[in-house]
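Q: The following file, model34.txt, comprises compact mmCIF, C-alpha atoms:
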```txt
# COMPACT_ATOMS: atom_id res chain seq x y z
CA GLU A 1 39.30 266.99 311.64
CA VAL A 2 36.30 264.73 311.00
CA LYS A 3 36.72 265.22 307.24
CA ARG A 4 40.47 264.59 307.43
CA GLN A 5 40.01 261.31 309.26
CA THR A 6 37.11 260.09 307.12
CA ASP A 7 39.06 260.93 303.95
CA ALA A 8 41.97 258.87 305.29
CA LEU A 9 39.66 255.91 305.96
CA VAL A 10 38.30 256.16 302.42
CA ALA A 11 41.85 256.19 301.05
CA ASP A 12 42.69 253.09 303.13
CA GLY A 13 39.59 251.28 301.86
CA LEU A 14 37.98 251.06 305.32
CA LEU A 15 35.10 253.38 304.42
CA ASP A 16 33.17 254.19 301.28
CA LYS A 17 32.21 257.79 300.47
CA GLU A 18 28.62 256.65 299.99
CA GLN A 19 28.51 255.28 303.53
CA TYR A 20 28.62 258.57 305.41
CA GLN A 21 27.67 262.23 305.30
CA ILE A 22 28.66 265.17 307.48
CA TYR A 23 25.94 267.47 308.81
CA CYS A 24 26.73 270.79 310.52
CA THR A 25 24.04 271.96 312.93
CA THR A 26 22.65 275.47 312.62
CA ALA A 27 21.13 276.16 316.04
CA GLU A 28 20.39 274.72 319.45
CA GLY A 29 18.07 271.73 319.08
CA ASP A 30 18.88 271.28 315.39
CA ALA A 31 20.73 267.99 315.95
CA THR A 32 17.70 266.42 317.66
CA ARG A 33 15.43 267.56 314.85
CA TYR A 34 17.79 266.31 312.13
CA VAL A 35 18.41 262.88 313.71
CA HIS A 36 14.71 262.30 314.36
CA LEU A 37 13.77 263.29 310.81
CA PHE A 38 16.56 261.18 309.27
CA CYS A 39 15.48 258.11 311.26
CA ASP A 40 11.86 258.74 310.30
CA ILE A 41 12.79 258.68 306.60
CA HIS A 42 15.31 255.80 306.78
CA THR A 43 13.36 253.47 309.05
CA ARG A 44 14.84 250.20 307.77
CA GLU A 45 18.46 251.26 307.40
CA SER A 46 21.26 250.58 309.86
CA ILE A 47 22.72 253.98 310.82
CA CYS A 48 25.25 255.23 313.36
CA PHE A 49 25.01 258.90 314.30
CA VAL A 50 28.34 260.29 315.53
CA ALA A 51 27.93 263.39 317.71
CA CYS A 52 31.01 265.58 317.23
CA GLY A 53 31.63 267.91 320.16
CA GLY A 54 30.76 268.24 323.81
CA ASP A 55 27.93 267.05 326.03
CA GLY A 56 25.34 269.45 324.60
CA ILE A 57 25.48 268.08 321.05
CA ILE A 58 25.81 264.51 322.36
CA ASN A 59 22.60 264.88 324.35
CA GLU A 60 20.80 266.37 321.34
CA VAL A 61 21.77 263.48 319.07
CA ALA A 62 20.82 260.91 321.73
CA SER A 63 17.44 262.61 322.20
CA GLY A 64 16.74 262.37 318.48
CA LEU A 65 17.35 258.61 318.54
CA VAL A 66 14.86 257.83 321.31
CA GLY A 67 11.90 255.78 320.15
CA PHE A 68 13.50 254.24 317.06
CA GLU A 69 14.56 250.62 316.63
CA LYS A 70 17.78 250.30 318.63
CA GLU A 71 18.75 247.18 316.67
CA ASP A 72 19.74 249.37 313.71
CA LYS A 73 20.10 252.93 315.05
CA TYR A 74 23.29 253.67 316.96
CA LEU A 75 24.94 256.52 318.86
CA SER A 76 28.64 257.29 318.97
CA ILE A 77 30.68 260.36 319.87
CA PHE A 78 33.76 262.13 318.54
CA THR A 79 35.40 264.41 321.08
CA TYR A 80 38.52 265.68 319.28
CA LYS A 81 39.61 268.84 321.14
CA SER A 82 36.24 268.85 322.97
CA ASN A 83 35.63 268.09 326.62
CA SER A 84 32.85 265.60 327.33
CA ASP A 85 31.86 264.43 330.80
CA PHE A 86 29.68 261.74 329.22
CA ALA A 87 32.73 260.23 327.47
CA LYS A 88 34.32 259.72 330.90
CA ASN A 89 31.77 256.97 331.58
CA PHE A 90 33.90 254.80 329.26
CA PRO A 91 37.35 254.63 330.94
CA GLY A 92 40.18 253.95 328.53
CA VAL A 93 38.05 254.32 325.40
CA VAL A 94 39.32 256.75 322.75
CA PHE A 95 36.65 258.96 321.17
CA SER A 96 38.96 261.10 319.04
CA ASP A 97 39.54 258.47 316.36
CA ILE A 98 36.94 257.80 313.64
CA LYS A 99 38.64 254.52 312.77
CA GLY A 100 38.09 253.35 316.34
CA ILE A 101 34.38 254.11 315.98
CA VAL A 102 34.17 252.23 312.64
CA LEU A 103 35.82 249.18 314.24
CA GLY A 104 34.31 249.67 317.69
CA ASN A 105 31.97 247.65 319.87
CA SER A 106 28.30 248.23 320.67
CA ARG A 107 26.56 248.19 324.05
CA PRO A 108 23.10 249.19 325.29
CA ILE A 109 22.88 252.30 327.47
CA ASP A 110 20.12 254.05 329.41
CA ILE A 111 18.72 257.54 329.06
CA ILE A 112 16.55 259.56 331.45
CA LYS A 113 13.26 261.03 330.26
CA CYS A 114 13.29 264.39 332.01
CA GLY A 115 10.21 266.57 331.60
CA ASN A 116 9.64 267.09 327.87
CA GLY A 117 13.20 266.15 326.97
CA TYR A 118 15.92 263.60 327.69
CA CYS A 119 19.10 263.53 329.74
CA LEU A 120 21.90 261.18 328.75
CA ASN A 121 24.37 262.11 331.48
CA VAL A 122 23.41 264.26 334.50
CA CYS A 123 20.62 266.74 335.19
CA ASN A 124 21.38 269.27 337.95
CA VAL A 125 18.71 271.04 339.98
CA GLY A 126 19.33 273.85 342.44
CA PHE A 127 22.83 275.26 343.02
CA ALA A 128 24.63 273.65 340.04
CA ALA A 129 21.83 274.61 337.66
CA LYS A 130 22.05 278.21 338.87
CA VAL A 131 25.81 278.21 338.22
CA ALA A 132 25.04 277.32 334.61
CA VAL A 133 22.40 280.08 334.36
CA TYR A 134 24.68 282.75 335.85
CA GLY A 135 27.62 281.53 333.74
CA LYS A 136 25.63 281.73 330.51
CA LYS A 137 24.52 285.27 331.36
CA ASN A 138 28.14 286.22 331.99
CA VAL A 139 29.13 284.76 328.62
CA LEU A 140 26.48 286.87 326.88
CA LYS A 141 27.79 289.94 328.71
CA GLY A 142 31.33 289.19 327.53
CA ARG A 143 32.77 288.78 331.01
CA LYS A 144 36.06 286.98 331.59
CA LYS A 145 35.92 283.61 333.42
CA PRO A 146 32.10 283.57 333.16
CA TYR A 147 31.49 280.28 334.95
CA GLU A 148 33.93 280.96 337.77
CA LYS A 149 31.97 284.17 338.38
CA GLY A 150 28.79 282.12 338.04
CA ILE A 151 29.94 279.94 340.95
CA ALA A 152 30.54 283.01 343.09
CA GLU A 153 27.08 284.39 342.26
CA ALA A 154 25.45 281.04 343.04
CA VAL A 155 27.27 280.84 346.38
CA LEU A 156 25.84 284.24 347.29
CA PHE A 157 22.31 283.85 345.95
CA SER A 158 21.43 280.19 345.27
CA ARG A 159 22.36 278.00 348.21
CA PHE A 160 18.80 277.92 349.57
CA ASN A 161 16.28 276.40 347.17
CA HIS A 162 12.62 275.83 348.00
CA ILE A 163 12.28 272.63 345.96
CA LYS A 164 10.30 269.50 346.84
CA VAL A 165 11.80 266.20 345.72
CA TYR A 166 9.88 262.91 345.48
CA VAL A 167 11.68 259.62 344.81
CA ASP A 168 9.55 256.63 343.79
CA GLY A 169 6.58 258.40 345.39
CA GLU A 170 8.31 259.22 348.70
CA LYS A 171 8.95 262.84 349.69
CA VAL A 172 12.67 263.38 350.30
CA CYS A 173 12.91 267.12 351.00
CA SER A 174 11.24 270.54 350.72
CA TRP A 175 14.36 272.71 350.87
CA MET A 176 17.77 271.84 349.48
CA LEU A 177 21.17 272.98 348.28
CA PHE A 178 21.10 270.89 345.09
CA CYS A 179 19.93 267.64 343.54
CA ASP A 180 21.79 265.52 340.97
CA ILE A 181 19.66 263.31 338.73
CA ALA A 182 22.25 261.03 337.21
CA ASN A 183 22.62 258.43 334.52
CA GLY A 184 26.39 259.04 334.28
CA ARG A 185 29.01 259.69 336.95
CA ILE A 186 30.57 263.03 336.05
CA CYS A 187 29.34 266.56 335.34
CA GLY A 188 30.55 270.16 335.39
CA ASP A 189 33.86 269.48 333.62
CA GLY A 190 35.12 266.71 335.90
CA TYR A 191 33.07 266.74 339.12
CA ILE A 192 32.34 263.13 340.14
CA CYS A 193 28.86 264.00 341.36
CA SER A 194 27.41 260.45 341.23
CA PRO A 195 30.27 258.00 341.85
CA ASN A 196 27.99 254.95 341.94
CA ALA A 197 26.08 255.68 338.73
CA LEU A 198 26.24 253.31 335.76
CA ILE A 199 24.91 254.22 332.33
CA ASP A 200 23.53 250.73 331.74
CA ASP A 201 22.13 249.55 335.09
CA GLY A 202 18.51 250.64 334.54
CA TRP A 203 18.45 253.06 337.50
CA ILE A 204 18.56 256.80 338.12
CA ASP A 205 21.11 257.80 340.77
CA ILE A 206 19.69 260.64 342.88
CA SER A 207 21.71 262.69 345.34
CA VAL A 208 19.98 265.43 347.33
CA ALA A 209 22.10 267.80 349.39
CA LYS A 210 20.58 269.65 352.33
CA MET A 211 21.14 273.33 352.91
CA ILE A 212 24.36 273.83 354.88
CA PRO A 213 26.39 276.77 356.23
CA LEU A 214 28.85 278.40 353.86
CA ILE A 215 31.92 277.05 355.69
CA LYS A 216 30.68 273.47 355.40
CA PHE A 217 29.75 274.05 351.76
CA LEU A 218 33.32 275.15 350.99
CA GLN A 219 34.61 272.05 352.79
CA LEU A 220 32.27 269.90 350.67
CA LEU A 221 33.45 271.13 347.26
CA PRO A 222 36.79 269.23 347.03
CA HIS A 223 35.07 265.99 348.10
CA TYR A 224 32.28 266.57 345.57
CA SER A 225 34.94 267.03 342.91
CA LYS A 226 36.68 263.74 343.79
CA GLY A 227 33.47 261.75 344.30
CA THR A 228 34.05 261.06 348.00
CA HIS A 229 31.17 263.19 349.29
CA LEU A 230 28.73 260.28 349.71
CA THR A 231 31.11 258.16 351.80
CA ASN A 232 32.83 260.83 353.89
CA PRO A 233 31.44 260.68 357.48
CA LYS A 234 31.61 264.47 357.73
CA PHE A 235 28.81 264.75 355.16
CA LYS A 236 26.76 261.73 356.23
CA ASN A 237 23.81 263.90 357.29
CA VAL A 238 24.07 266.24 354.29
CA PHE A 239 23.10 263.83 351.51
CA THR A 240 20.12 261.65 350.75
CA TYR A 241 21.17 259.12 348.13
CA ARG A 242 18.85 256.75 346.28
CA LYS A 243 18.67 254.59 343.18
CA ALA A 244 15.22 254.87 341.66
CA LYS A 245 13.16 254.24 338.54
CA GLU A 246 11.38 257.58 338.69
CA MET A 247 11.26 260.82 340.61
CA GLY A 248 9.44 264.12 340.72
CA ILE A 249 10.56 267.67 341.47
CA TYR A 250 8.42 270.67 342.27
CA VAL A 251 10.18 274.01 342.22
CA ILE A 252 8.00 276.31 344.28
CA GLY A 253 6.43 278.98 342.10
CA GLU A 254 8.16 277.81 338.93
CA VAL A 255 7.86 274.35 337.43
CA GLU A 256 7.12 270.70 338.04
CA LEU A 257 9.47 268.10 336.60
CA ALA A 258 9.13 264.33 336.34
CA ALA A 259 12.01 261.99 335.51
CA GLN A 260 11.93 258.32 334.55
CA ILE A 261 14.69 255.96 333.46
CA ALA A 262 14.46 254.38 330.01
CA PRO A 263 16.68 251.30 330.42
CA GLY A 264 18.64 250.12 327.38
CA GLU A 265 16.84 252.65 325.15
CA LEU A 266 19.95 253.40 323.07
CA VAL A 267 22.85 251.40 321.67
CA ALA A 268 26.24 253.09 321.76
CA ILE A 269 29.27 252.39 319.60
CA THR A 270 32.08 252.88 322.07
CA GLY A 271 35.18 252.92 319.90
CA THR A 272 38.39 251.13 320.85
CA ASN A 273 40.56 251.29 323.94
CA GLY A 274 43.56 253.59 323.83
```
Could you take the file, read its structure, and then write that structure out as structure tokens?
A:
Amino acid sequence: EVKRQTDALVADGLLDKEQYQIYCTTAEGDATRYVHLFCDIHTRESICFVACGGDGIINEVASGLVGFEKEDKYLSIFTYKSNSDFAKNFPGVVFSDIKGIVLGNSRPIDIIKCGNGYCLNVCNVGFAAKVAVYGKKNVLKGRKKPYEKGIAEAVLFSRFNHIKVYVDGEKVCSWMLFCDIANGRICGDGYICSPNALIDDGWIDISVAKMIPLIKFLQLLPHYSKGTHLTNPKFKNVFTYRKAKEMGIYVIGEVELAAQIAPGELVAITGTNG
């Protein structure tokens, strides 16, 4: 589809064949490596990297751009037949049209430095992260509805997490259900986990959920999906919500993770409104 659309733009005289190339990644992490190397070699050229696919490839491309001159290195996305939660941070913008990207507008956006890597949208710790782990294992085992089964497994085994969270140096909790470290608003294929987050405000949005009984957890899910969980009085004592510049997480017996916001680190080409 990318080739079909770029060929059409060449035929219409809106794009020259010498102005673009298509690179197909070969493995996880390959996009980050390729983008970083390409920018290293073409330091003085103005280049827009278009990540074609879902949030995984988008985050890889964005990570490869960090540290280079944002005045001439740009990020855009092409989501034809792919689902991207990150794209939902741009309401009304069409990311399935290469022409829209060529004629689109630019805007600075933030990215979160998270441990040794980067997070463009949302980083989940605790329950949601375990859903992803269980789901991926189910995929490898060839099970049907792997992530739905991952949710069930996480409900049974991962609602109680011995994790210390520090926000701007202040200890927030020692045990929790989950923590969302957000630059964007939406994760998990449509869950509005951080309704107040903005990708260009220079802050990390942090939501920490306390451990709660199973019945209350099941009541929480539809509100978490719609983004009303932080304002619903029923869950007032469940969540600790902060905007911060940095935070730290210590997973007992496993790993320590630090996160800091990098405001305006990237420039995105957002395409045109549909």
Q: I'd like the contact shell of segment 248-251 of chain A - 10 Å cut-off, all atoms listed in the file, skipping same-chain residues fewer than 3 positions apart - returned as a PDB file with C-alpha atoms, keeping the file's coordinate frame.
A:
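Dumped everything to result_10.pdb:
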```pdb
ATOM      1  CA  CYS A 114      13.290 264.390 332.010  1.00  0.00           C
ATOM      2  CA  GLY A 115      10.210 266.570 331.600  1.00  0.00           C
ATOM      3  CA  VAL A 125      18.710 271.040 339.980  1.00  0.00           C
ATOM      4  CA  GLY A 126      19.330 273.850 342.440  1.00  0.00           C
ATOM      5  CA  ASN A 161      16.280 276.400 347.170  1.00  0.00           C
ATOM      6  CA  HIS A 162      12.620 275.830 348.000  1.00  0.00           C
ATOM      7  CA  ILE A 163      12.280 272.630 345.960  1.00  0.00           C
ATOM      8  CA  LYS A 164      10.300 269.500 346.840  1.00  0.00           C
ATOM      9  CA  VAL A 165      11.800 266.200 345.720  1.00  0.00           C
ATOM     10  CA  TYR A 166       9.880 262.910 345.480  1.00  0.00           C
ATOM     11  CA  VAL A 167      11.680 259.620 344.810  1.00  0.00           C
ATOM     12  CA  ASP A 168       9.550 256.630 343.790  1.00  0.00           C
ATOM     13  CA  GLY A 169       6.580 258.400 345.390  1.00  0.00           C
ATOM     14  CA  GLU A 170       8.310 259.220 348.700  1.00  0.00           C
ATOM     15  CA  LYS A 171       8.950 262.840 349.690  1.00  0.00           C
ATOM     16  CA  CYS A 173      12.910 267.120 351.000  1.00  0.00           C
ATOM     17  CA  SER A 174      11.240 270.540 350.720  1.00  0.00           C
ATOM     18  CA  TRP A 175      14.360 272.710 350.870  1.00  0.00           C
ATOM     19  CA  CYS A 179      19.930 267.640 343.540  1.00  0.00           C
ATOM     20  CA  GLU A 254       8.160 277.810 338.930  1.00  0.00           C
ATOM     21  CA  VAL A 255       7.860 274.350 337.430  1.00  0.00           C
ATOM     22  CA  GLU A 256       7.120 270.700 338.040  1.00  0.00           C
ATOM     23  CA  LEU A 257       9.470 268.100 336.600  1.00  0.00           C
ATOM     24  CA  ALA A 258       9.130 264.330 336.340  1.00  0.00           C
ATOM     25  CA  ALA A 259      12.010 261.990 335.510  1.00  0.00           C
ATOM     26  CA  GLN A 260      11.930 258.320 334.550  1.00  0.00           C
TER      27      GLN A 260
END
```
Q: Determine the nearest neighbour of Leu230 of chain A from the options A:Ser158, A:Gly202, A:Pro195, A:Asp180, counting all atoms listed in the file.
A: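 Among the listed residues, the smallest separation from Leu230 of chain A belongs to A:Pro195.
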Q: Just the number, please: distance in Å from atom CA of Cys39 of chain A to atom CA of Asn59 of chain A, one decimal.
A: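 Interatomic distance, atom CA of Cys39 of chain A to atom CA of Asn59 of chain A: 16.4 Å.
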Q: Counting all atoms listed in the file, which of A:Trp203, A:Tyr20, A:Tyr80, A:Tyr118 gets nearest to Val61 of chain A?
A: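 The answer is A:Tyr118, which sits nearest to Val61 of chain A.
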Q: I need every residue sitting at most 10 Å from the point (27.1, 270.2, 329.2) (coordinates as in the file, all atoms listed in the file considered), written as a list in words.
A: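 The answer, in the requested form, is Gly54, Asp55, Gly56, Ile57, Ile58, Asn59, Asn83, Ser84, Asp85, Phe86, Asn121, Val122, Cys123, Ala132, Cys187, Gly188 and Asp189 of chain A.
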Q: Excluding Ala31 of chain A and residues on its chain fewer than 5 positions from it, collect all residues at most 12 Å away from it, counting only C-alpha atoms, and give them as a list in words.
A: Ile22, Tyr23, Cys24, Thr25, Thr26, His36, Leu37, Phe38, Phe49, Val50, Ala51, Cys52, Gly53, Gly56, Ile57, Ile58, Asn59, Glu60, Val61, Ala62, Ser63, Gly64 and Leu65 of chain A
Q: Between atom CA of Val155 of chain A and atom CA of Ile215 of chain A, measure the distance and give it in Å to one decimal.
A: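 For atom CA of Val155 of chain A relative to atom CA of Ile215 of chain A, the distance reads 11.1 Å.
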Q: Residues within 12 Å of segment 12-16 of chain A, please, as a PyMOL selection string. Count all atoms listed in the file; anything in the same chain fewer than 2 positions from it doesn't count.
A: chain A and resi 5-10+18-21+98-103
Q: Can you pull out the residues contacting Tyr191 of chain A? Cut-off 9 Å, using only C-alpha atoms, and skip same-chain residues under 5 positions away; I want them as a ChimeraX atom specification.
A: /A:85,185-186,224-227
Q: Just the number, please: distance in Å from atom CA of Ala129 of chain A to atom CA of Gly67 of chain A, one decimal.
A: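 Separation between atom CA of Ala129 of chain A and atom CA of Gly67 of chain A: 27.6 Å.
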Q: For Asn124 of chain A, which residue among A:Gly184, A:Pro233, A:Gly29, A:Gly92 is the nearest when counting all atoms listed in the file?
A: A:Gly184
Q: Can you take the partial segment 52-70 of chain A, add N, CA and C atoms, and return it as a JSON list (two decimals), keeping the file's coordinate frame?
A:
```json
[["chain", "number", "residue", "atom", "x", "y", "z"],
["A", 52, "CYS", "N", 29.66, 265.00, 317.19],
["A", 52, "CYS", "CA", 31.01, 265.58, 317.23],
["A", 52, "CYS", "C", 31.00, 266.84, 318.10],
["A", 53, "GLY", "N", 31.60, 266.75, 319.27],
["A", 53, "GLY", "CA", 31.63, 267.91, 320.16],
["A", 53, "GLY", "C", 31.47, 267.52, 321.60],
["A", 54, "GLY", "N", 30.91, 268.45, 322.38],
["A", 54, "GLY", "CA", 30.76, 268.24, 323.81],
["A", 54, "GLY", "C", 29.42, 267.65, 324.19],
["A", 55, "ASP", "N", 29.10, 267.73, 325.50],
["A", 55, "ASP", "CA", 27.93, 267.05, 326.03],
["A", 55, "ASP", "C", 26.61, 267.60, 325.49],
["A", 56, "GLY", "N", 26.58, 268.87, 325.12],
["A", 56, "GLY", "CA", 25.34, 269.45, 324.60],
["A", 56, "GLY", "C", 24.91, 268.78, 323.30],
["A", 57, "ILE", "N", 25.81, 268.69, 322.34],
["A", 57, "ILE", "CA", 25.48, 268.08, 321.05],
["A", 57, "ILE", "C", 25.26, 266.59, 321.21],
["A", 58, "ILE", "N", 26.00, 265.94, 322.12],
["A", 58, "ILE", "CA", 25.81, 264.51, 322.36],
["A", 58, "ILE", "C", 24.40, 264.24, 322.87],
["A", 59, "ASN", "N", 23.94, 265.07, 323.80],
["A", 59, "ASN", "CA", 22.60, 264.88, 324.35],
["A", 59, "ASN", "C", 21.53, 265.12, 323.29],
["A", 60, "GLU", "N", 21.76, 266.09, 322.41],
["A", 60, "GLU", "CA", 20.80, 266.37, 321.34],
["A", 60, "GLU", "C", 20.67, 265.18, 320.39],
["A", 61, "VAL", "N", 21.80, 264.61, 319.99],
["A", 61, "VAL", "CA", 21.77, 263.48, 319.07],
["A", 61, "VAL", "C", 21.09, 262.28, 319.74],
["A", 62, "ALA", "N", 21.44, 262.02, 320.99],
["A", 62, "ALA", "CA", 20.82, 260.91, 321.73],
["A", 62, "ALA", "C", 19.31, 261.10, 321.83],
["A", 63, "SER", "N", 18.88, 262.33, 322.08],
["A", 63, "SER", "CA", 17.44, 262.61, 322.20],
["A", 63, "SER", "C", 16.70, 262.33, 320.90],
["A", 64, "GLY", "N", 17.35, 262.62, 319.78],
["A", 64, "GLY", "CA", 16.74, 262.37, 318.48],
["A", 64, "GLY", "C", 16.58, 260.91, 318.16],
["A", 65, "LEU", "N", 17.39, 260.06, 318.80],
["A", 65, "LEU", "CA", 17.35, 258.61, 318.54],
["A", 65, "LEU", "C", 16.29, 257.88, 319.36],
["A", 66, "VAL", "N", 15.81, 258.49, 320.43],
["A", 66, "VAL", "CA", 14.86, 257.83, 321.31],
["A", 66, "VAL", "C", 13.59, 257.46, 320.55],
["A", 67, "GLY", "N", 13.16, 256.23, 320.75],
["A", 67, "GLY", "CA", 11.90, 255.78, 320.15],
["A", 67, "GLY", "C", 12.06, 254.99, 318.86],
["A", 68, "PHE", "N", 13.27, 255.00, 318.29],
["A", 68, "PHE", "CA", 13.50, 254.24, 317.06],
["A", 68, "PHE", "C", 14.11, 252.88, 317.38],
["A", 69, "GLU", "N", 14.05, 251.98, 316.43],
["A", 69, "GLU", "CA", 14.56, 250.62, 316.63],
["A", 69, "GLU", "C", 16.05, 250.66, 316.98],
["A", 70, "LYS", "N", 16.38, 250.24, 318.20],
["A", 70, "LYS", "CA", 17.78, 250.30, 318.63],
["A", 70, "LYS", "C", 18.64, 249.21, 317.99]]
```
